[in-house]
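One file, model-v5.txt, is given below (compact mmCIF, N, CA and C atoms).
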# COMPACT_ATOMS: atom_id res chain seq x y z
N MET L 151 100.05 70.25 151.53
CA MET L 151 99.34 70.32 152.79
C MET L 151 98.15 71.28 152.61
N PRO L 152 96.96 70.87 153.06
CA PRO L 152 95.78 71.74 152.90
C PRO L 152 95.92 73.04 153.70
N ARG L 153 95.30 74.07 153.18
CA ARG L 153 95.37 75.39 153.80
C ARG L 153 94.86 75.37 155.24
N LEU L 154 93.79 74.62 155.51
CA LEU L 154 93.25 74.56 156.88
C LEU L 154 94.24 73.90 157.84
N SER L 155 94.95 72.90 157.38
CA SER L 155 95.99 72.29 158.23
C SER L 155 97.08 73.29 158.55
N VAL L 156 97.44 74.09 157.56
CA VAL L 156 98.47 75.11 157.78
C VAL L 156 98.01 76.09 158.85
N TRP L 157 96.74 76.49 158.80
CA TRP L 157 96.23 77.43 159.81
C TRP L 157 96.22 76.80 161.20
N PHE L 158 95.76 75.57 161.29
CA PHE L 158 95.76 74.89 162.59
C PHE L 158 97.18 74.81 163.16
N ILE L 159 98.13 74.43 162.34
CA ILE L 159 99.49 74.23 162.82
C ILE L 159 100.16 75.57 163.16
N ARG L 160 99.93 76.60 162.36
CA ARG L 160 100.49 77.91 162.68
C ARG L 160 99.96 78.43 164.01
N LEU L 161 98.65 78.33 164.19
CA LEU L 161 98.06 78.80 165.45
C LEU L 161 98.55 77.96 166.63
N ALA L 162 98.73 76.66 166.40
CA ALA L 162 99.25 75.80 167.46
C ALA L 162 100.66 76.24 167.87
N LEU L 163 101.47 76.62 166.90
CA LEU L 163 102.83 77.08 167.21
C LEU L 163 102.82 78.42 167.94
N ILE L 164 101.86 79.27 167.64
CA ILE L 164 101.73 80.53 168.39
C ILE L 164 101.39 80.23 169.85
N TYR L 165 100.43 79.33 170.07
CA TYR L 165 100.08 78.96 171.45
C TYR L 165 101.26 78.28 172.15
N PHE L 166 102.03 77.50 171.40
CA PHE L 166 103.22 76.86 171.95
C PHE L 166 104.19 77.92 172.48
N GLY L 167 104.46 78.92 171.67
CA GLY L 167 105.37 79.98 172.09
C GLY L 167 104.86 80.75 173.29
N LEU L 168 103.57 81.10 173.27
CA LEU L 168 102.98 81.83 174.40
C LEU L 168 102.99 80.99 175.67
N GLY L 169 102.62 79.73 175.54
CA GLY L 169 102.55 78.85 176.71
C GLY L 169 103.90 78.60 177.34
N PHE L 170 104.91 78.36 176.51
CA PHE L 170 106.23 78.11 177.07
C PHE L 170 106.89 79.38 177.60
N THR L 171 106.58 80.53 177.01
CA THR L 171 107.08 81.79 177.56
C THR L 171 106.47 82.04 178.93
N LEU L 172 105.18 81.81 179.05
CA LEU L 172 104.53 81.96 180.35
C LEU L 172 105.09 80.95 181.35
N GLY L 173 105.33 79.73 180.91
CA GLY L 173 105.92 78.72 181.78
C GLY L 173 107.31 79.10 182.24
N ALA L 174 108.09 79.72 181.36
CA ALA L 174 109.42 80.19 181.75
C ALA L 174 109.32 81.27 182.82
N GLY L 175 108.33 82.14 182.67
CA GLY L 175 108.11 83.17 183.68
C GLY L 175 107.72 82.57 185.02
N LEU L 176 106.91 81.53 184.98
CA LEU L 176 106.52 80.86 186.22
C LEU L 176 107.74 80.23 186.91
N LEU L 177 108.60 79.62 186.13
CA LEU L 177 109.80 79.01 186.72
C LEU L 177 110.79 80.06 187.23
N MET L 178 110.89 81.17 186.51
CA MET L 178 111.79 82.23 186.96
C MET L 178 111.32 82.84 188.27
N ALA L 179 110.01 82.87 188.47
CA ALA L 179 109.47 83.46 189.70
C ALA L 179 109.86 82.64 190.93
N LYS L 180 110.13 81.36 190.72
CA LYS L 180 110.51 80.51 191.86
C LYS L 180 111.86 80.90 192.44
N GLY L 181 112.78 81.29 191.60
CA GLY L 181 114.13 81.53 192.10
C GLY L 181 114.68 82.91 191.83
N SER L 182 113.82 83.88 191.58
CA SER L 182 114.33 85.20 191.27
C SER L 182 113.50 86.28 191.95
N PHE L 183 113.64 87.47 191.45
CA PHE L 183 112.99 88.63 192.03
C PHE L 183 111.53 88.80 191.61
N LEU L 184 111.06 88.01 190.67
CA LEU L 184 109.68 88.16 190.20
C LEU L 184 108.70 87.83 191.33
N PRO L 185 107.63 88.58 191.40
CA PRO L 185 106.65 88.30 192.47
C PRO L 185 105.95 86.96 192.26
N LEU L 186 105.63 86.31 193.33
CA LEU L 186 104.97 85.01 193.24
C LEU L 186 103.52 85.11 192.79
N THR L 187 103.02 86.33 192.65
CA THR L 187 101.64 86.48 192.15
C THR L 187 101.52 86.04 190.70
N ILE L 188 102.66 85.87 190.03
CA ILE L 188 102.62 85.37 188.65
C ILE L 188 102.03 83.97 188.58
N TRP L 189 102.03 83.25 189.70
CA TRP L 189 101.50 81.89 189.71
C TRP L 189 100.00 81.86 189.50
N ARG L 190 99.34 83.00 189.58
CA ARG L 190 97.91 83.01 189.27
C ARG L 190 97.67 82.79 187.78
N TYR L 191 98.72 82.89 186.97
CA TYR L 191 98.61 82.67 185.53
C TYR L 191 98.87 81.22 185.14
N ARG L 192 99.03 80.35 186.09
CA ARG L 192 99.28 78.94 185.78
C ARG L 192 98.14 78.30 184.99
N PRO L 193 96.86 78.57 185.30
CA PRO L 193 95.79 78.00 184.47
C PRO L 193 95.87 78.45 183.01
N LEU L 194 96.33 79.68 182.77
CA LEU L 194 96.53 80.14 181.40
C LEU L 194 97.62 79.31 180.71
N HIS L 195 98.69 79.07 181.42
CA HIS L 195 99.80 78.26 180.90
C HIS L 195 99.29 76.87 180.49
N ILE L 196 98.49 76.27 181.35
CA ILE L 196 97.95 74.94 181.07
C ILE L 196 97.01 74.98 179.87
N GLU L 197 96.13 75.96 179.82
CA GLU L 197 95.17 76.09 178.72
C GLU L 197 95.88 76.29 177.39
N LEU L 198 96.85 77.19 177.38
CA LEU L 198 97.57 77.47 176.14
C LEU L 198 98.30 76.24 175.61
N LEU L 199 98.87 75.45 176.50
CA LEU L 199 99.64 74.29 176.04
C LEU L 199 98.77 73.07 175.75
N LEU L 200 97.83 72.76 176.63
CA LEU L 200 97.04 71.54 176.42
C LEU L 200 96.02 71.69 175.29
N ILE L 201 95.26 72.75 175.31
CA ILE L 201 94.22 72.91 174.30
C ILE L 201 94.76 73.68 173.09
N GLY L 202 95.39 74.81 173.36
CA GLY L 202 95.86 75.65 172.27
C GLY L 202 96.93 75.00 171.41
N TRP L 203 97.86 74.31 172.04
CA TRP L 203 98.95 73.71 171.27
C TRP L 203 98.67 72.26 170.90
N ILE L 204 98.47 71.39 171.88
CA ILE L 204 98.41 69.96 171.60
C ILE L 204 97.15 69.58 170.81
N VAL L 205 95.99 70.01 171.26
CA VAL L 205 94.75 69.64 170.56
C VAL L 205 94.74 70.25 169.16
N GLN L 206 95.13 71.51 169.05
CA GLN L 206 95.12 72.16 167.75
C GLN L 206 96.11 71.51 166.78
N LEU L 207 97.28 71.15 167.27
CA LEU L 207 98.25 70.48 166.42
C LEU L 207 97.73 69.11 165.97
N ALA L 208 97.10 68.39 166.88
CA ALA L 208 96.55 67.07 166.54
C ALA L 208 95.46 67.19 165.48
N ILE L 209 94.60 68.18 165.60
CA ILE L 209 93.54 68.36 164.60
C ILE L 209 94.15 68.74 163.26
N GLY L 210 95.11 69.65 163.26
CA GLY L 210 95.72 70.08 162.00
C GLY L 210 96.42 68.95 161.27
N VAL L 211 97.16 68.15 161.99
CA VAL L 211 97.87 67.03 161.36
C VAL L 211 96.89 65.95 160.93
N SER L 212 95.87 65.68 161.74
CA SER L 212 94.92 64.63 161.36
C SER L 212 94.11 65.03 160.14
N TYR L 213 93.78 66.30 160.00
CA TYR L 213 93.04 66.74 158.80
C TYR L 213 93.89 66.51 157.56
N TRP L 214 95.17 66.69 157.68
CA TRP L 214 96.06 66.52 156.54
C TRP L 214 96.32 65.06 156.23
N ILE L 215 96.49 64.21 157.24
CA ILE L 215 97.08 62.90 157.01
C ILE L 215 96.07 61.75 156.98
N LEU L 216 94.91 61.91 157.58
CA LEU L 216 93.95 60.80 157.62
C LEU L 216 93.36 60.52 156.24
N PRO L 217 92.79 59.34 156.04
CA PRO L 217 92.32 58.94 154.71
C PRO L 217 91.32 59.92 154.10
N ARG L 218 91.37 59.98 152.78
CA ARG L 218 90.46 60.85 152.05
C ARG L 218 89.22 60.08 151.66
N LEU L 219 88.20 60.82 151.22
CA LEU L 219 86.92 60.19 150.89
C LEU L 219 86.95 59.44 149.57
N SER L 220 87.83 59.81 148.68
CA SER L 220 87.86 59.14 147.38
C SER L 220 89.28 59.16 146.84
N GLU L 221 89.45 58.53 145.73
CA GLU L 221 90.76 58.50 145.10
C GLU L 221 91.14 59.86 144.52
N ALA L 222 90.17 60.76 144.40
CA ALA L 222 90.43 62.10 143.87
C ALA L 222 90.97 63.04 144.94
N ASN L 223 91.38 62.49 146.07
CA ASN L 223 91.95 63.26 147.18
C ASN L 223 90.99 64.27 147.78
N GLU L 224 89.71 63.94 147.80
CA GLU L 224 88.74 64.83 148.42
C GLU L 224 88.67 64.56 149.91
N ARG L 225 88.63 65.63 150.68
CA ARG L 225 88.55 65.50 152.13
C ARG L 225 87.15 65.73 152.66
N GLY L 226 86.23 66.08 151.81
CA GLY L 226 84.87 66.36 152.27
C GLY L 226 84.67 67.85 152.46
N SER L 227 83.55 68.20 153.07
CA SER L 227 83.20 69.60 153.28
C SER L 227 84.17 70.27 154.24
N LYS L 228 84.57 71.48 153.90
CA LYS L 228 85.50 72.23 154.75
C LYS L 228 84.77 73.02 155.83
N THR L 229 83.46 73.16 155.71
CA THR L 229 82.71 73.98 156.66
C THR L 229 82.84 73.51 158.10
N PRO L 230 82.66 72.21 158.42
CA PRO L 230 82.83 71.80 159.82
C PRO L 230 84.25 72.02 160.34
N VAL L 231 85.23 71.93 159.46
CA VAL L 231 86.62 72.13 159.89
C VAL L 231 86.86 73.61 160.16
N ARG L 232 86.30 74.47 159.33
CA ARG L 232 86.41 75.92 159.58
C ARG L 232 85.72 76.30 160.88
N ILE L 233 84.55 75.71 161.12
CA ILE L 233 83.84 75.96 162.37
C ILE L 233 84.69 75.49 163.55
N ALA L 234 85.32 74.33 163.41
CA ALA L 234 86.18 73.82 164.48
C ALA L 234 87.36 74.75 164.73
N LEU L 235 87.95 75.27 163.67
CA LEU L 235 89.09 76.19 163.82
C LEU L 235 88.67 77.45 164.58
N LEU L 236 87.56 78.04 164.17
CA LEU L 236 87.09 79.26 164.83
C LEU L 236 86.64 78.99 166.26
N ALA L 237 85.91 77.90 166.47
CA ALA L 237 85.39 77.60 167.81
C ALA L 237 86.52 77.24 168.77
N LEU L 238 87.49 76.48 168.30
CA LEU L 238 88.60 76.09 169.19
C LEU L 238 89.41 77.31 169.62
N ASN L 239 89.75 78.16 168.67
CA ASN L 239 90.54 79.34 169.02
C ASN L 239 89.72 80.35 169.82
N GLY L 240 88.45 80.50 169.47
CA GLY L 240 87.59 81.35 170.28
C GLY L 240 87.45 80.81 171.69
N GLY L 241 87.37 79.50 171.82
CA GLY L 241 87.26 78.88 173.13
C GLY L 241 88.51 79.07 173.97
N VAL L 242 89.67 78.89 173.36
CA VAL L 242 90.93 79.07 174.10
C VAL L 242 91.05 80.51 174.57
N LEU L 243 90.76 81.46 173.70
CA LEU L 243 90.87 82.87 174.08
C LEU L 243 89.83 83.25 175.13
N THR L 244 88.63 82.69 175.04
CA THR L 244 87.59 82.98 176.03
C THR L 244 87.95 82.39 177.39
N VAL L 245 88.46 81.17 177.41
CA VAL L 245 88.88 80.57 178.68
C VAL L 245 90.02 81.38 179.28
N CYS L 246 90.97 81.80 178.47
CA CYS L 246 92.08 82.61 178.99
C CYS L 246 91.57 83.93 179.56
N ALA L 247 90.62 84.56 178.87
CA ALA L 247 90.03 85.80 179.40
C ALA L 247 89.29 85.53 180.70
N GLY L 248 88.61 84.40 180.78
CA GLY L 248 87.92 84.05 182.02
C GLY L 248 88.88 83.86 183.18
N PHE L 249 90.03 83.26 182.92
CA PHE L 249 91.03 83.10 183.98
C PHE L 249 91.65 84.44 184.36
N LEU L 250 91.91 85.29 183.37
CA LEU L 250 92.53 86.58 183.65
C LEU L 250 91.62 87.49 184.47
N PHE L 251 90.35 87.55 184.08
CA PHE L 251 89.41 88.46 184.74
C PHE L 251 88.59 87.79 185.83
N GLU L 252 88.91 86.52 186.11
CA GLU L 252 88.25 85.75 187.16
C GLU L 252 86.72 85.73 186.98
N ARG L 253 86.31 85.36 185.78
CA ARG L 253 84.90 85.24 185.44
C ARG L 253 84.61 83.79 185.06
N GLU L 254 83.91 83.10 185.95
CA GLU L 254 83.62 81.68 185.73
C GLU L 254 82.74 81.47 184.49
N TRP L 255 81.84 82.39 184.22
CA TRP L 255 80.96 82.22 183.07
C TRP L 255 81.75 82.30 181.76
N LEU L 256 82.84 83.07 181.73
CA LEU L 256 83.68 83.09 180.53
C LEU L 256 84.42 81.77 180.35
N VAL L 257 84.88 81.21 181.45
CA VAL L 257 85.55 79.91 181.38
C VAL L 257 84.57 78.86 180.87
N PHE L 258 83.34 78.89 181.39
CA PHE L 258 82.33 77.93 180.95
C PHE L 258 82.00 78.12 179.46
N ALA L 259 81.83 79.37 179.04
CA ALA L 259 81.53 79.65 177.63
C ALA L 259 82.66 79.17 176.73
N GLY L 260 83.89 79.37 177.18
CA GLY L 260 85.03 78.89 176.40
C GLY L 260 85.08 77.38 176.29
N ARG L 261 84.76 76.71 177.38
CA ARG L 261 84.73 75.24 177.35
C ARG L 261 83.63 74.73 176.41
N VAL L 262 82.50 75.44 176.39
CA VAL L 262 81.42 75.06 175.46
C VAL L 262 81.90 75.22 174.02
N LEU L 263 82.60 76.31 173.73
CA LEU L 263 83.14 76.51 172.38
C LEU L 263 84.16 75.42 172.02
N GLU L 264 85.02 75.07 172.95
CA GLU L 264 86.01 74.02 172.68
C GLU L 264 85.34 72.68 172.44
N THR L 265 84.31 72.38 173.21
CA THR L 265 83.57 71.13 173.00
C THR L 265 82.87 71.15 171.65
N GLY L 266 82.31 72.30 171.29
CA GLY L 266 81.68 72.43 169.97
C GLY L 266 82.67 72.23 168.84
N ALA L 267 83.89 72.68 169.04
CA ALA L 267 84.93 72.49 168.03
C ALA L 267 85.23 71.01 167.83
N VAL L 268 85.31 70.28 168.93
CA VAL L 268 85.59 68.84 168.85
C VAL L 268 84.43 68.12 168.17
N VAL L 269 83.20 68.49 168.52
CA VAL L 269 82.03 67.86 167.90
C VAL L 269 81.99 68.17 166.40
N SER L 270 82.27 69.40 166.03
CA SER L 270 82.26 69.78 164.62
C SER L 270 83.32 69.02 163.84
N TYR L 271 84.51 68.90 164.40
CA TYR L 271 85.57 68.18 163.69
C TYR L 271 85.26 66.69 163.61
N THR L 272 84.68 66.14 164.66
CA THR L 272 84.29 64.73 164.63
C THR L 272 83.23 64.49 163.57
N PHE L 273 82.30 65.43 163.43
CA PHE L 273 81.27 65.34 162.39
C PHE L 273 81.91 65.29 161.01
N HIS L 274 82.96 66.06 160.81
CA HIS L 274 83.67 66.04 159.54
C HIS L 274 84.47 64.75 159.35
N LEU L 275 85.10 64.29 160.42
CA LEU L 275 86.06 63.19 160.32
C LEU L 275 85.40 61.82 160.18
N HIS L 276 84.23 61.64 160.75
CA HIS L 276 83.60 60.32 160.78
C HIS L 276 83.43 59.70 159.39
N PRO L 277 82.89 60.42 158.40
CA PRO L 277 82.77 59.79 157.07
C PRO L 277 84.12 59.40 156.46
N ARG L 278 85.14 60.16 156.74
CA ARG L 278 86.46 59.82 156.19
C ARG L 278 86.98 58.52 156.77
N LEU L 279 86.79 58.34 158.05
CA LEU L 279 87.26 57.10 158.68
C LEU L 279 86.41 55.91 158.26
N MET L 280 85.11 56.10 158.17
CA MET L 280 84.23 55.00 157.77
C MET L 280 84.47 54.60 156.32
N TYR L 281 84.75 55.58 155.45
CA TYR L 281 85.05 55.26 154.06
C TYR L 281 86.31 54.41 153.99
N SER L 282 87.28 54.72 154.82
CA SER L 282 88.52 53.96 154.84
C SER L 282 88.28 52.52 155.27
N VAL L 283 87.41 52.33 156.26
CA VAL L 283 87.11 50.98 156.76
C VAL L 283 86.38 50.18 155.69
N TRP L 284 85.37 50.78 155.06
CA TRP L 284 84.58 50.05 154.06
C TRP L 284 85.35 49.82 152.77
N ARG L 285 86.27 50.70 152.43
CA ARG L 285 87.04 50.55 151.20
C ARG L 285 87.96 49.34 151.28
N LYS L 286 88.43 48.99 152.47
CA LYS L 286 89.36 47.87 152.63
C LYS L 286 88.66 46.52 152.58
N ARG L 287 87.35 46.48 152.70
CA ARG L 287 86.63 45.20 152.70
C ARG L 287 86.43 44.66 151.33

This entry written out as structure tokens:
Amino acid sequence: MPRLSVWFIRLALIYFGLGFTLGAGLLMAKGSFLPLTIWRYRPLHIELLLIGWIVQLAIGVSYWILPRLSEANERGSKTPVRIALLALNGGVLTVCAGFLFEREWLVFAGRVLETGAVVSYTFHLHPRLMYSVWRKR
């Protein structure tokens, strides 16, 4: 498994643990002594699980498993994938900070970073998929 896939998957599992721990706290607040103000952290719970866990896991597995550019097992340039890794995690953390400190501009900046991560990864992935299509003809 490529090192970048390992990083994506490890970080996805960290977000998984954080998101489900926060979700458990939200559920405990419904029927226990915890204050209901914990529900203000629900957007963090959603961000950690949807973007931090699911999207990151999908990118990590797809980088590992999708077709390679040649028979020599080359995946292409790693730079767009590294940019995607940094931008996605920076975006998730920025959006979470925006929710915590109630700063809309931080949420927007984080969404821009997350979108940039998807664009960067798509830029890397497109030649791999097109090579696979043309190789079969």

Go through L:Leu243, L:Leu163, L:Ala179, L:Ile188 and flag the residue nearest Gln206 in chain L, using only N, CA and C atoms for the distances. L:Leu163

Calculated over all atoms listed in the file, which of the candidates L:Ala247, L:Val231, L:Leu219, L:Leu168 has the smallest distance to Pro277 in chain L?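 Smallest distance to Pro277 in chain L is found for L:Leu219.
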
Close residues, Val156 in chain L itself excluded, 8 Å, all atoms listed in the file, min 4 positions apart in chain, as an mmCIF file with N, CA and C atoms, in the coordinates of the input:
data_model
loop_
_atom_site.group_PDB
_atom_site.id
_atom_site.type_symbol
_atom_site.label_atom_id
_atom_site.label_comp_id
_atom_site.auth_asym_id
_atom_site.auth_seq_id
_atom_site.Cartn_x
_atom_site.Cartn_y
_atom_site.Cartn_z
ATOM 1 N N MET L 151 100.050 70.250 151.530
ATOM 2 C CA MET L 151 99.340 70.320 152.790
ATOM 3 C C MET L 151 98.150 71.280 152.610
ATOM 4 N N PRO L 152 96.960 70.870 153.060
ATOM 5 C CA PRO L 152 95.780 71.740 152.900
ATOM 6 C C PRO L 152 95.920 73.040 153.700
ATOM 7 N N ARG L 160 99.930 76.600 162.360
ATOM 8 C CA ARG L 160 100.490 77.910 162.680
ATOM 9 C C ARG L 160 99.960 78.430 164.010
ATOM 10 N N LEU L 161 98.650 78.330 164.190
ATOM 11 C CA LEU L 161 98.060 78.800 165.450
ATOM 12 C C LEU L 161 98.550 77.960 166.630
ATOM 13 N N ALA L 162 98.730 76.660 166.400
ATOM 14 C CA ALA L 162 99.250 75.800 167.460
ATOM 15 C C ALA L 162 100.660 76.240 167.870
ATOM 16 N N GLY L 210 95.110 69.650 163.260
ATOM 17 C CA GLY L 210 95.720 70.080 162.000
ATOM 18 C C GLY L 210 96.420 68.950 161.270
ATOM 19 N N VAL L 211 97.160 68.150 161.990
ATOM 20 C CA VAL L 211 97.870 67.030 161.360
ATOM 21 C C VAL L 211 96.890 65.950 160.930
ATOM 22 N N TRP L 214 95.170 66.690 157.680
ATOM 23 C CA TRP L 214 96.060 66.520 156.540
ATOM 24 C C TRP L 214 96.320 65.060 156.230
#

Restricting the calculation to all atoms listed in the file, which member of L:Gly241, L:Pro217, L:Gly173, L:Gly181 is positioned closest to Leu194 in chain L?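 Of L:Gly241, L:Pro217, L:Gly173, L:Gly181, the one nearest Leu194 in chain L, counting all atoms listed in the file, is L:Gly173.
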
Can you pull out every residue within 9 Å of Ile209 in chain L, counting only C-alpha atoms, but drop anything in the same chain fewer than 4 positions away, and send it as a ChimeraX atom specification? /L:155,158-159,204-205,213-214,271

Who sits within 8 Å of Asn239 in chain L, all atoms listed in the file, same chain under 6 positions skipped, as a list in words: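 Result of the neighbour search: Gly202, Ile233, Val245, Leu263, Glu264 and Ala267 of chain L.
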
Serialized selection, N, CA and C atoms, as an mmCIF file, in the frame of the given file:
data_model
loop_
_atom_site.group_PDB
_atom_site.id
_atom_site.type_symbol
_atom_site.label_atom_id
_atom_site.label_comp_id
_atom_site.auth_asym_id
_atom_site.auth_seq_id
_atom_site.Cartn_x
_atom_site.Cartn_y
_atom_site.Cartn_z
ATOM 1 N N GLY L 202 95.390 74.810 173.360
ATOM 2 C CA GLY L 202 95.860 75.650 172.270
ATOM 3 C C GLY L 202 96.930 75.000 171.410
ATOM 4 N N ILE L 233 84.550 75.710 161.120
ATOM 5 C CA ILE L 233 83.840 75.960 162.370
ATOM 6 C C ILE L 233 84.690 75.490 163.550
ATOM 7 N N VAL L 245 88.460 81.170 177.410
ATOM 8 C CA VAL L 245 88.880 80.570 178.680
ATOM 9 C C VAL L 245 90.020 81.380 179.280
ATOM 10 N N LEU L 263 82.600 76.310 173.730
ATOM 11 C CA LEU L 263 83.140 76.510 172.380
ATOM 12 C C LEU L 263 84.160 75.420 172.020
ATOM 13 N N GLU L 264 85.020 75.070 172.950
ATOM 14 C CA GLU L 264 86.010 74.020 172.680
ATOM 15 C C GLU L 264 85.340 72.680 172.440
ATOM 16 N N ALA L 267 83.890 72.680 169.040
ATOM 17 C CA ALA L 267 84.930 72.490 168.030
ATOM 18 C C ALA L 267 85.230 71.010 167.830
#

Nearest candidate to Glu197 in chain L (options L:Met178, L:Val262, L:Cys246, L:Leu238; using only C-alpha atoms):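 Under the stated criterion, the closest residue is L:Cys246.
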
Calculated over only C-alpha atoms, which of the candidates L:Gly240, L:Phe170, L:Ser227, L:Gly175 has the smallest distance to Leu200 in chain L? L:Phe170

For each of L:Arg192, L:Arg218, L:Arg232, L:Lys180, take the minimum atom-to-atom distance to Leu154 in chain L, counting all atoms listed in the file, then give the residue where this is smallest.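 Of all the options, L:Arg232 lies closest to Leu154 in chain L.
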
So that I can check the secondary structure, give me every residue of range 163-274 of chain L assigned helix (DSSP H, G or I) by backbone DSSP, as a PyMOL selection string. chain L and resi 163-181+186-215+229-251+254-274

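Note that the spacing between CA of Ala237 in chain L and CA of Gly266 in chain L amounts to 6.7 Å.
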
Quick one: distance from CA of Met280 in chain L to CA of Leu216 in chain L in Å, one decimal? 11.3 Å

I want to know what sits within 8 Å of Thr244 in chain L, based on all atoms listed in the file, with residues of the same chain fewer than 6 positions away left out; could you give that as an NGL selection string? :L and (238 or 250 or 255-261)

Just the number, please: distance in Å from CA of Pro230 in chain L to CA of Ser212 in chain L, one decimal. 14.1 Å
